[in-house]
$ cat work16.cif   # mmCIF, C-alpha atoms
data_query
#
loop_
_atom_site.group_PDB
_atom_site.id
_atom_site.type_symbol
_atom_site.label_atom_id
_atom_site.label_comp_id
_atom_site.auth_asym_id
_atom_site.auth_seq_id
_atom_site.Cartn_x
_atom_site.Cartn_y
_atom_site.Cartn_z
ATOM 1 C CA MET A 48 -9.762 96.874 1.198
ATOM 2 C CA GLU A 49 -6.525 98.835 1.477
ATOM 3 C CA PRO A 50 -5.399 99.027 5.077
ATOM 4 C CA VAL A 51 -5.426 102.556 6.475
ATOM 5 C CA LEU A 52 -1.816 103.526 7.174
ATOM 6 C CA ASP A 53 -1.994 107.008 8.610
ATOM 7 C CA GLN A 54 -1.376 108.639 11.983
ATOM 8 C CA SER A 55 -4.493 106.929 13.341
ATOM 9 C CA ILE A 56 -2.545 103.656 13.703
ATOM 10 C CA VAL A 57 0.240 105.172 15.844
ATOM 11 C CA GLY A 58 -0.009 103.750 19.348
ATOM 12 C CA LEU A 59 -1.997 100.675 18.349
ATOM 13 C CA THR A 60 -0.745 97.684 20.329
ATOM 14 C CA SER A 61 -1.155 93.983 19.627
ATOM 15 C CA ALA A 62 -2.374 91.415 22.099
ATOM 16 C CA THR A 63 0.404 90.040 24.334
ATOM 17 C CA GLU A 64 1.706 86.626 23.346
ATOM 18 C CA GLU A 65 3.843 84.292 25.421
ATOM 19 C CA PHE A 66 6.858 82.429 24.056
ATOM 20 C CA GLU A 67 8.823 79.649 25.720
ATOM 21 C CA VAL A 68 12.523 79.666 24.865
ATOM 22 C CA GLU A 69 13.506 76.070 24.154
ATOM 23 C CA ARG A 70 17.014 74.607 23.886
ATOM 24 C CA GLY A 71 16.200 72.857 20.612
ATOM 25 C CA ALA A 72 14.862 76.061 19.070
ATOM 26 C CA ILE A 73 18.053 77.913 20.068
ATOM 27 C CA ARG A 74 20.271 75.187 18.593
ATOM 28 C CA ARG A 75 18.324 75.048 15.321
ATOM 29 C CA PHE A 76 18.361 78.841 15.020
ATOM 30 C CA ALA A 77 22.136 79.069 15.575
ATOM 31 C CA ALA A 78 22.689 76.147 13.169
ATOM 32 C CA ALA A 79 20.629 77.846 10.439
ATOM 33 C CA ILE A 80 22.822 80.947 10.712
ATOM 34 C CA GLY A 81 25.927 78.765 10.894
ATOM 35 C CA ASP A 82 26.970 80.363 14.173
ATOM 36 C CA PRO A 83 29.190 77.856 16.012
ATOM 37 C CA ASN A 84 29.255 79.781 19.343
ATOM 38 C CA PRO A 85 29.173 77.026 22.021
ATOM 39 C CA LEU A 86 27.093 79.268 24.333
ATOM 40 C CA TYR A 87 24.180 78.532 21.963
ATOM 41 C CA ALA A 88 24.673 74.760 21.782
ATOM 42 C CA ASP A 89 26.589 73.314 24.729
ATOM 43 C CA VAL A 90 24.742 73.493 28.072
ATOM 44 C CA ALA A 91 27.842 72.492 30.077
ATOM 45 C CA HIS A 92 29.866 75.278 28.441
ATOM 46 C CA ALA A 93 27.122 77.855 29.076
ATOM 47 C CA ARG A 94 26.935 76.775 32.732
ATOM 48 C CA ALA A 95 30.727 76.900 33.086
ATOM 49 C CA CYS A 96 30.474 80.518 31.890
ATOM 50 C CA GLY A 97 27.997 81.302 34.655
ATOM 51 C CA TYR A 98 24.703 81.055 32.776
ATOM 52 C CA ALA A 99 21.754 78.966 33.969
ATOM 53 C CA ASP A 100 21.327 77.335 30.557
ATOM 54 C CA LEU A 101 21.961 77.883 26.828
ATOM 55 C CA LEU A 102 22.104 81.485 25.645
ATOM 56 C CA ALA A 103 20.029 82.555 22.663
ATOM 57 C CA PRO A 104 21.822 84.364 19.801
ATOM 58 C CA PRO A 105 21.159 88.130 19.653
ATOM 59 C CA THR A 106 18.681 87.904 16.767
ATOM 60 C CA PHE A 107 16.678 85.090 18.420
ATOM 61 C CA PRO A 108 13.770 87.457 19.291
ATOM 62 C CA THR A 109 12.870 87.345 15.567
ATOM 63 C CA THR A 110 11.447 83.889 16.339
ATOM 64 C CA PHE A 111 8.849 85.538 18.616
ATOM 65 C CA ARG A 112 6.360 86.074 15.803
ATOM 66 C CA VAL A 113 4.067 88.637 17.377
ATOM 67 C CA ALA A 114 1.251 89.691 15.069
ATOM 68 C CA LEU A 115 1.338 93.408 14.245
ATOM 69 C CA PRO A 116 -1.724 95.364 15.393
ATOM 70 C CA ILE A 117 -2.373 96.220 11.711
ATOM 71 C CA ALA A 118 -2.821 94.054 8.610
ATOM 72 C CA LEU A 119 -0.125 94.406 5.936
ATOM 73 C CA ASP A 120 0.170 92.710 2.540
ATOM 74 C CA ALA A 121 3.466 90.797 2.719
ATOM 75 C CA SER A 122 3.952 91.099 -1.062
ATOM 76 C CA HIS A 123 4.153 94.909 -0.702
ATOM 77 C CA THR A 124 6.395 95.189 2.343
ATOM 78 C CA LEU A 125 10.152 95.323 2.788
ATOM 79 C CA HIS A 126 12.167 95.068 5.978
ATOM 80 C CA GLY A 127 14.202 98.276 6.035
ATOM 81 C CA GLU A 128 15.886 98.288 9.420
ATOM 82 C CA GLN A 129 15.967 96.237 12.589
ATOM 83 C CA GLU A 130 17.237 97.085 16.031
ATOM 84 C CA TYR A 131 17.405 95.061 19.235
ATOM 85 C CA ARG A 132 18.266 96.388 22.664
ATOM 86 C CA TYR A 133 18.717 93.817 25.386
ATOM 87 C CA ALA A 134 18.338 94.299 29.132
ATOM 88 C CA ARG A 135 19.885 90.867 29.683
ATOM 89 C CA PRO A 136 20.696 87.749 27.665
ATOM 90 C CA ILE A 137 17.816 85.440 26.727
ATOM 91 C CA ILE A 138 18.321 82.001 28.285
ATOM 92 C CA ALA A 139 16.710 78.633 27.501
ATOM 93 C CA GLY A 140 13.804 78.152 29.864
ATOM 94 C CA ASP A 141 12.798 81.815 29.764
ATOM 95 C CA VAL A 142 9.143 82.553 29.148
ATOM 96 C CA ILE A 143 8.891 85.877 27.352
ATOM 97 C CA GLN A 144 5.723 87.915 26.969
ATOM 98 C CA CYS A 145 5.754 90.041 23.834
ATOM 99 C CA ALA A 146 3.561 92.733 22.367
ATOM 100 C CA SER A 147 4.102 95.056 19.417
ATOM 101 C CA THR A 148 3.153 98.721 19.165
ATOM 102 C CA ILE A 149 3.117 101.033 16.137
ATOM 103 C CA ARG A 150 5.511 103.861 17.017
ATOM 104 C CA SER A 151 5.486 106.015 13.877
ATOM 105 C CA VAL A 152 4.151 106.276 10.347
ATOM 106 C CA HIS A 153 5.366 108.566 7.622
ATOM 107 C CA GLU A 154 5.326 108.769 3.846
ATOM 108 C CA ARG A 155 8.268 109.190 1.526
ATOM 109 C CA GLU A 156 8.879 109.319 -2.201
ATOM 110 C CA GLY A 157 11.353 106.618 -3.120
ATOM 111 C CA THR A 158 12.569 104.488 -6.002
ATOM 112 C CA LEU A 159 9.375 102.418 -5.763
ATOM 113 C CA GLY A 160 7.110 105.492 -5.821
ATOM 114 C CA LYS A 161 5.179 106.555 -2.771
ATOM 115 C CA MET A 162 6.194 104.509 0.237
ATOM 116 C CA THR A 163 4.901 104.363 3.779
ATOM 117 C CA ILE A 164 7.508 103.842 6.474
ATOM 118 C CA ILE A 165 6.189 102.190 9.613
ATOM 119 C CA VAL A 166 8.193 101.690 12.808
ATOM 120 C CA ALA A 167 6.857 98.900 15.026
ATOM 121 C CA GLU A 168 8.336 98.217 18.449
ATOM 122 C CA THR A 169 8.182 94.841 20.138
ATOM 123 C CA THR A 170 8.826 94.589 23.852
ATOM 124 C CA GLY A 171 9.659 91.354 25.638
ATOM 125 C CA MET A 172 9.248 90.908 29.378
ATOM 126 C CA ASP A 173 9.790 87.956 31.644
ATOM 127 C CA ARG A 174 7.046 86.582 33.884
ATOM 128 C CA SER A 175 8.070 88.862 36.749
ATOM 129 C CA GLY A 176 7.511 91.873 34.502
ATOM 130 C CA GLN A 177 11.206 92.664 34.084
ATOM 131 C CA PRO A 178 12.134 93.921 30.601
ATOM 132 C CA VAL A 179 14.261 91.508 28.543
ATOM 133 C CA PHE A 180 14.512 93.123 25.129
ATOM 134 C CA THR A 181 13.050 95.777 22.855
ATOM 135 C CA GLY A 182 12.935 95.261 19.118
ATOM 136 C CA SER A 183 12.329 98.028 16.628
ATOM 137 C CA SER A 184 11.403 97.127 13.041
ATOM 138 C CA THR A 185 11.238 99.588 10.181
ATOM 139 C CA ILE A 186 8.784 98.290 7.602
ATOM 140 C CA ILE A 187 8.522 99.825 4.138
ATOM 141 C CA VAL A 188 5.113 99.482 2.469
ATOM 142 C CA HIS A 189 5.182 100.155 -1.269
ATOM 143 C CA MET B 299 38.459 84.976 15.843
ATOM 144 C CA PRO B 300 41.443 85.543 18.146
ATOM 145 C CA SER B 301 40.548 87.554 21.224
ATOM 146 C CA ILE B 302 41.110 91.240 20.658
ATOM 147 C CA ASP B 303 43.473 93.312 22.749
ATOM 148 C CA TRP B 304 41.241 96.390 22.905
ATOM 149 C CA ALA B 305 44.010 98.516 24.393
ATOM 150 C CA ARG B 306 45.787 98.238 21.045
ATOM 151 C CA VAL B 307 42.810 99.054 18.830
ATOM 152 C CA GLU B 308 42.483 102.653 17.750
ATOM 153 C CA ILE B 309 39.193 104.392 17.049
ATOM 154 C CA GLY B 310 38.388 103.864 13.390
ATOM 155 C CA GLN B 311 40.630 100.828 13.107
ATOM 156 C CA GLU B 312 39.265 97.787 11.276
ATOM 157 C CA LEU B 313 38.965 94.506 13.139
ATOM 158 C CA PRO B 314 39.703 91.108 11.560
ATOM 159 C CA PRO B 315 37.075 90.240 8.881
ATOM 160 C CA ARG B 316 35.055 87.027 8.910
ATOM 161 C CA GLN B 317 34.051 85.314 5.689
ATOM 162 C CA HIS B 318 30.986 83.073 5.708
ATOM 163 C CA PRO B 319 30.544 79.990 3.539
ATOM 164 C CA ALA B 320 28.343 80.571 0.469
ATOM 165 C CA ILE B 321 24.670 80.898 1.409
ATOM 166 C CA THR B 322 22.795 77.823 0.190
ATOM 167 C CA LYS B 323 19.125 77.311 -0.649
ATOM 168 C CA GLN B 324 19.084 74.633 2.045
ATOM 169 C CA GLN B 325 20.278 77.212 4.551
ATOM 170 C CA LEU B 326 17.372 79.490 3.608
ATOM 171 C CA VAL B 327 14.912 76.632 4.171
ATOM 172 C CA MET B 328 16.574 75.957 7.537
ATOM 173 C CA TYR B 329 16.435 79.650 8.444
ATOM 174 C CA ALA B 330 12.769 79.865 7.417
ATOM 175 C CA GLY B 331 11.960 76.941 9.684
ATOM 176 C CA ALA B 332 14.104 78.105 12.602
ATOM 177 C CA SER B 333 12.940 81.729 12.482
ATOM 178 C CA GLY B 334 9.308 81.229 11.508
ATOM 179 C CA ASP B 335 9.655 83.593 8.523
ATOM 180 C CA PHE B 336 7.804 81.591 5.883
ATOM 181 C CA ASN B 337 7.646 84.307 3.226
ATOM 182 C CA LEU B 338 8.086 82.190 0.076
ATOM 183 C CA ILE B 339 10.254 84.762 -1.722
ATOM 184 C CA HIS B 340 13.103 83.212 0.318
ATOM 185 C CA THR B 341 12.459 79.584 -0.602
ATOM 186 C CA ASP B 342 10.290 79.328 -3.734
ATOM 187 C CA VAL B 343 11.571 80.545 -7.114
ATOM 188 C CA GLU B 344 8.073 80.893 -8.640
ATOM 189 C CA THR B 345 6.937 83.163 -5.816
ATOM 190 C CA ALA B 346 10.149 85.175 -6.018
ATOM 191 C CA ARG B 347 9.757 85.667 -9.785
ATOM 192 C CA ALA B 348 6.106 86.641 -9.398
ATOM 193 C CA ALA B 349 7.356 89.349 -7.010
ATOM 194 C CA GLY B 350 9.658 90.676 -9.737
ATOM 195 C CA LEU B 351 12.876 89.108 -8.461
ATOM 196 C CA THR B 352 15.275 87.024 -10.549
ATOM 197 C CA GLY B 353 15.122 84.228 -7.982
ATOM 198 C CA THR B 354 14.908 83.608 -4.268
ATOM 199 C CA ILE B 355 16.592 86.074 -1.937
ATOM 200 C CA ALA B 356 18.067 85.502 1.516
ATOM 201 C CA HIS B 357 16.242 86.681 4.614
ATOM 202 C CA GLY B 358 17.577 90.062 5.710
ATOM 203 C CA MET B 359 17.554 88.691 9.223
ATOM 204 C CA LEU B 360 20.063 86.010 8.175
ATOM 205 C CA SER B 361 22.568 88.751 7.320
ATOM 206 C CA MET B 362 21.751 90.396 10.634
ATOM 207 C CA GLY B 363 22.438 86.994 12.198
ATOM 208 C CA PHE B 364 25.913 87.010 10.604
ATOM 209 C CA LEU B 365 26.590 90.449 12.093
ATOM 210 C CA ALA B 366 25.212 89.235 15.435
ATOM 211 C CA GLN B 367 27.630 86.287 15.232
ATOM 212 C CA TYR B 368 30.474 88.771 14.843
ATOM 213 C CA ALA B 369 29.231 90.880 17.774
ATOM 214 C CA GLY B 370 28.848 87.722 19.881
ATOM 215 C CA GLU B 371 32.442 86.752 19.162
ATOM 216 C CA LEU B 372 33.573 90.191 20.292
ATOM 217 C CA ALA B 373 31.547 89.737 23.495
ATOM 218 C CA GLY B 374 33.178 86.361 24.146
ATOM 219 C CA ASP B 375 32.047 83.923 26.829
ATOM 220 C CA HIS B 376 31.461 86.534 29.514
ATOM 221 C CA GLY B 377 30.457 89.669 27.619
ATOM 222 C CA PHE B 378 27.075 90.605 26.260
ATOM 223 C CA VAL B 379 25.722 92.228 23.104
ATOM 224 C CA GLN B 380 23.620 95.053 24.547
ATOM 225 C CA ARG B 381 22.396 96.584 21.333
ATOM 226 C CA LEU B 382 22.447 95.703 17.635
ATOM 227 C CA LYS B 383 20.959 97.824 14.891
ATOM 228 C CA VAL B 384 21.126 97.140 11.161
ATOM 229 C CA ARG B 385 19.874 98.587 7.911
ATOM 230 C CA PHE B 386 19.112 96.297 4.968
ATOM 231 C CA SER B 387 20.297 98.142 1.898
ATOM 232 C CA GLY B 388 21.050 95.446 -0.685
ATOM 233 C CA MET B 389 19.616 92.055 -1.573
ATOM 234 C CA VAL B 390 21.522 88.861 -0.788
ATOM 235 C CA PHE B 391 21.112 85.759 -2.951
ATOM 236 C CA PRO B 392 21.811 82.029 -2.586
ATOM 237 C CA GLY B 393 25.417 81.436 -3.630
ATOM 238 C CA ASP B 394 26.597 84.745 -2.193
ATOM 239 C CA VAL B 395 29.740 84.641 -0.078
ATOM 240 C CA LEU B 396 29.429 87.380 2.518
ATOM 241 C CA THR B 397 32.269 88.897 4.483
ATOM 242 C CA CYS B 398 31.508 90.638 7.756
ATOM 243 C CA ARG B 399 33.713 93.567 8.631
ATOM 244 C CA ALA B 400 33.869 95.835 11.631
ATOM 245 C CA GLN B 401 35.632 98.898 12.899
ATOM 246 C CA LEU B 402 35.854 100.402 16.348
ATOM 247 C CA LEU B 403 33.692 103.516 16.694
ATOM 248 C CA ALA B 404 33.981 104.227 20.407
ATOM 249 C CA ARG B 405 34.936 102.743 23.720
ATOM 250 C CA ASP B 406 33.605 103.577 27.160
ATOM 251 C CA ALA B 407 35.963 102.519 29.932
ATOM 252 C CA HIS B 408 33.399 103.475 32.577
ATOM 253 C CA GLN B 409 30.593 101.333 31.103
ATOM 254 C CA HIS B 410 33.049 98.650 29.916
ATOM 255 C CA THR B 411 31.587 98.786 26.422
ATOM 256 C CA VAL B 412 32.822 99.134 22.876
ATOM 257 C CA THR B 413 30.719 100.429 19.994
ATOM 258 C CA VAL B 414 31.546 98.959 16.608
ATOM 259 C CA GLN B 415 30.299 99.621 13.118
ATOM 260 C CA LEU B 416 29.536 96.354 11.330
ATOM 261 C CA TRP B 417 28.755 95.564 7.735
ATOM 262 C CA ALA B 418 28.325 92.581 5.462
ATOM 263 C CA GLU B 419 29.539 92.769 1.870
ATOM 264 C CA ARG B 420 29.747 90.544 -1.207
ATOM 265 C CA GLU B 421 32.263 92.785 -2.948
ATOM 266 C CA PRO B 422 34.662 95.181 -1.258
ATOM 267 C CA ASP B 423 33.206 98.614 -0.493
ATOM 268 C CA HIS B 424 29.622 97.607 -1.365
ATOM 269 C CA PRO B 425 27.967 96.939 1.994
ATOM 270 C CA LEU B 426 24.622 95.110 1.754
ATOM 271 C CA THR B 427 23.746 95.175 5.435
ATOM 272 C CA THR B 428 25.205 97.829 7.688
ATOM 273 C CA GLY B 429 24.873 98.273 11.390
ATOM 274 C CA GLU B 430 26.171 99.134 14.771
ATOM 275 C CA ALA B 431 26.609 97.127 17.945
ATOM 276 C CA VAL B 432 27.290 98.007 21.555
ATOM 277 C CA VAL B 433 29.136 95.176 23.259
ATOM 278 C CA LEU B 434 29.689 94.888 26.995
ATOM 279 C CA LEU B 435 33.122 93.416 27.662
ATOM 280 C CA ARG B 436 33.981 91.480 30.791
ATOM 281 C CA GLU B 437 36.936 93.684 31.506
ATOM 282 C CA MET B 438 38.395 96.699 29.834
ATOM 283 C CA PRO B 439 42.085 97.471 29.645
#
$ encode --input "work16.cif" --output "structure tokens"
Amino acid sequence: MEPVLDQSIVGLTSATEEFEVERGAIRRFAAAIGDPNPLYADVAHARACGYADLLAPPTFPTTFRVALPIALDASHTLHGEQEYRYARPIIAGDVIQCASTIRSVHEREGTLGKMTIIVAETTGMDRSGQPVFTGSSTIIVH
Amino acid sequence: MPSIDWARVEIGQELPPRQHPAITKQQLVMYAGASGDFNLIHTDVETARAAGLTGTIAHGMLSMGFLAQYAGELAGDHGFVQRLKVRFSGMVFPGDVLTCRAQLLARDAHQHTVTVQLWAEREPDHPLTTGEAVVLLREMP
């Protein structure tokens, strides 16, 4: 069955999932990008710069794979835009609680025919309820 | 990247570019594993061809990672990337050599931030991933 992608999905929110930020995961993520920044690999350097532990690279929240509150067929979706806003750096040892919400849906005629543009927002909070980051993904369904 | 003397950078001025080594298929497997994005169009040629592509394509988020690397270098050891937004406009393939470029859009002496436009390109003047970052600097001139 085709998923219903109309205004009725705006405001739908996923269940909250918890993610532990591990040193090894940060190092492997930075290594995959090829980013040699020592803040992401060298604990002593990060501490000398005033941080409690390794920093995570800015795009690290992509590793928090929160399920969308709607089902989409991956073979008909494209990632159009991505934005992250950070309240503070993400540090190894953080436990981040994430949930994603559908913010908007609209249709557009494009090179692939009729497309549906969905904006999903993911929020990440620490265990004390303080915001850590907000991610906004623009997903094109064709 | 040498540290930038922001007092000497004019609005609209380009900052030093950074060229990345050619993207390899191994890197895409590593990125799939590290990011958790297991969509096979990035790692399996058969799947990519079945989707109408000529071969595997790089994760858009890898290009965003390159731009984030640039923004992180601007932030330095004591700054902080507060915001990063990108648009994926062109496909990136294994073997591509991407160059990240940036130019100063604005500076805010009160907030101690600079806003830069960032883009990644394979050929000059054909940006494949374009974006904007707001970087908090430790101290402003």
$ closest_atom_pairs --input "work16.cif" --of "chain A" --to "chain B" --cutoff "8 Å" --atoms "all atoms listed in the file" --output "tab-separated table"
residue	atom	partner	partner_atom	distance
A:Ala72	CA	B:Ala332	CA	6.8
A:Arg75	CA	B:Ala332	CA	5.9
A:Phe76	CA	B:Ala332	CA	5.0
A:Ala79	CA	B:Tyr329	CA	5.0
A:Ile80	CA	B:Gly363	CA	6.2
A:Asp82	CA	B:Gln367	CA	6.1
A:Asn84	CA	B:Glu371	CA	7.7
A:Leu86	CA	B:Asp375	CA	7.2
A:Cys96	CA	B:Asp375	CA	6.3
A:Pro104	CA	B:Ala366	CA	7.4
A:Pro105	CA	B:Ala366	CA	6.0
A:Thr106	CA	B:Gly363	CA	6.0
A:Phe107	CA	B:Ser333	CA	7.8
A:Thr109	CA	B:Ser333	CA	6.4
A:Thr110	CA	B:Ser333	CA	4.7
A:Arg112	CA	B:Gly334	CA	7.1
A:Ala121	CA	B:Asn337	CA	7.7
A:Ser122	CA	B:Ala349	CA	7.1
A:His126	CA	B:Phe386	CA	7.1
A:Gly127	CA	B:Phe386	CA	5.4
A:Glu128	CA	B:Arg385	CA	4.3
A:Gln129	CA	B:Val384	CA	5.4
A:Glu130	CA	B:Lys383	CA	4.0
A:Tyr131	CA	B:Leu382	CA	5.3
A:Arg132	CA	B:Arg381	CA	4.3
A:Tyr133	CA	B:Gln380	CA	5.1
A:Ala134	CA	B:Gln380	CA	7.0
A:Arg135	CA	B:Gln380	CA	7.6
A:Pro136	CA	B:Phe378	CA	7.1
$ residues_around --input "work16.cif" --residues "Val90 of chain A" --least-positions-apart "5" --cutoff "12 Å" --atoms "all atoms listed in the file" --output "PyMOL selection string"
chain A and resi 70-71+73-74+84-85+95-103+138-139
$ resolve_selection --input "work16.cif" --expression "the PyMOL selection byres ((chain A and resi 143-157) around 8)" --output "PyMOL selection string"
chain A and resi 52-54+56-68+111+113-116+141-142+158-174+179
$ closest_residue --input "work16.cif" --among "B:Arg399, B:Arg436, B:Arg405, B:Arg306" --to "Trp417 of chain B" --atoms "only C-alpha atoms"
B:Arg399
$ closest_residue --input "work16.cif" --among "B:Ala356, B:Val307, B:Leu416, B:Ile302" --to "Ala400 of chain B" --atoms "all atoms listed in the file"
B:Leu416
$ resolve_selection --input "work16.cif" --expression "the PyMOL selection byres ((chain B and resi 413) around 7)" --output "PyMOL selection string"
chain B and resi 402-405+411-412+414-415+431-433
$ closest_residue --input "work16.cif" --among "B:Gln311, B:Thr322, B:Gln409, B:Gln317" --to "Gly393 of chain B" --atoms "all atoms listed in the file"
B:Thr322
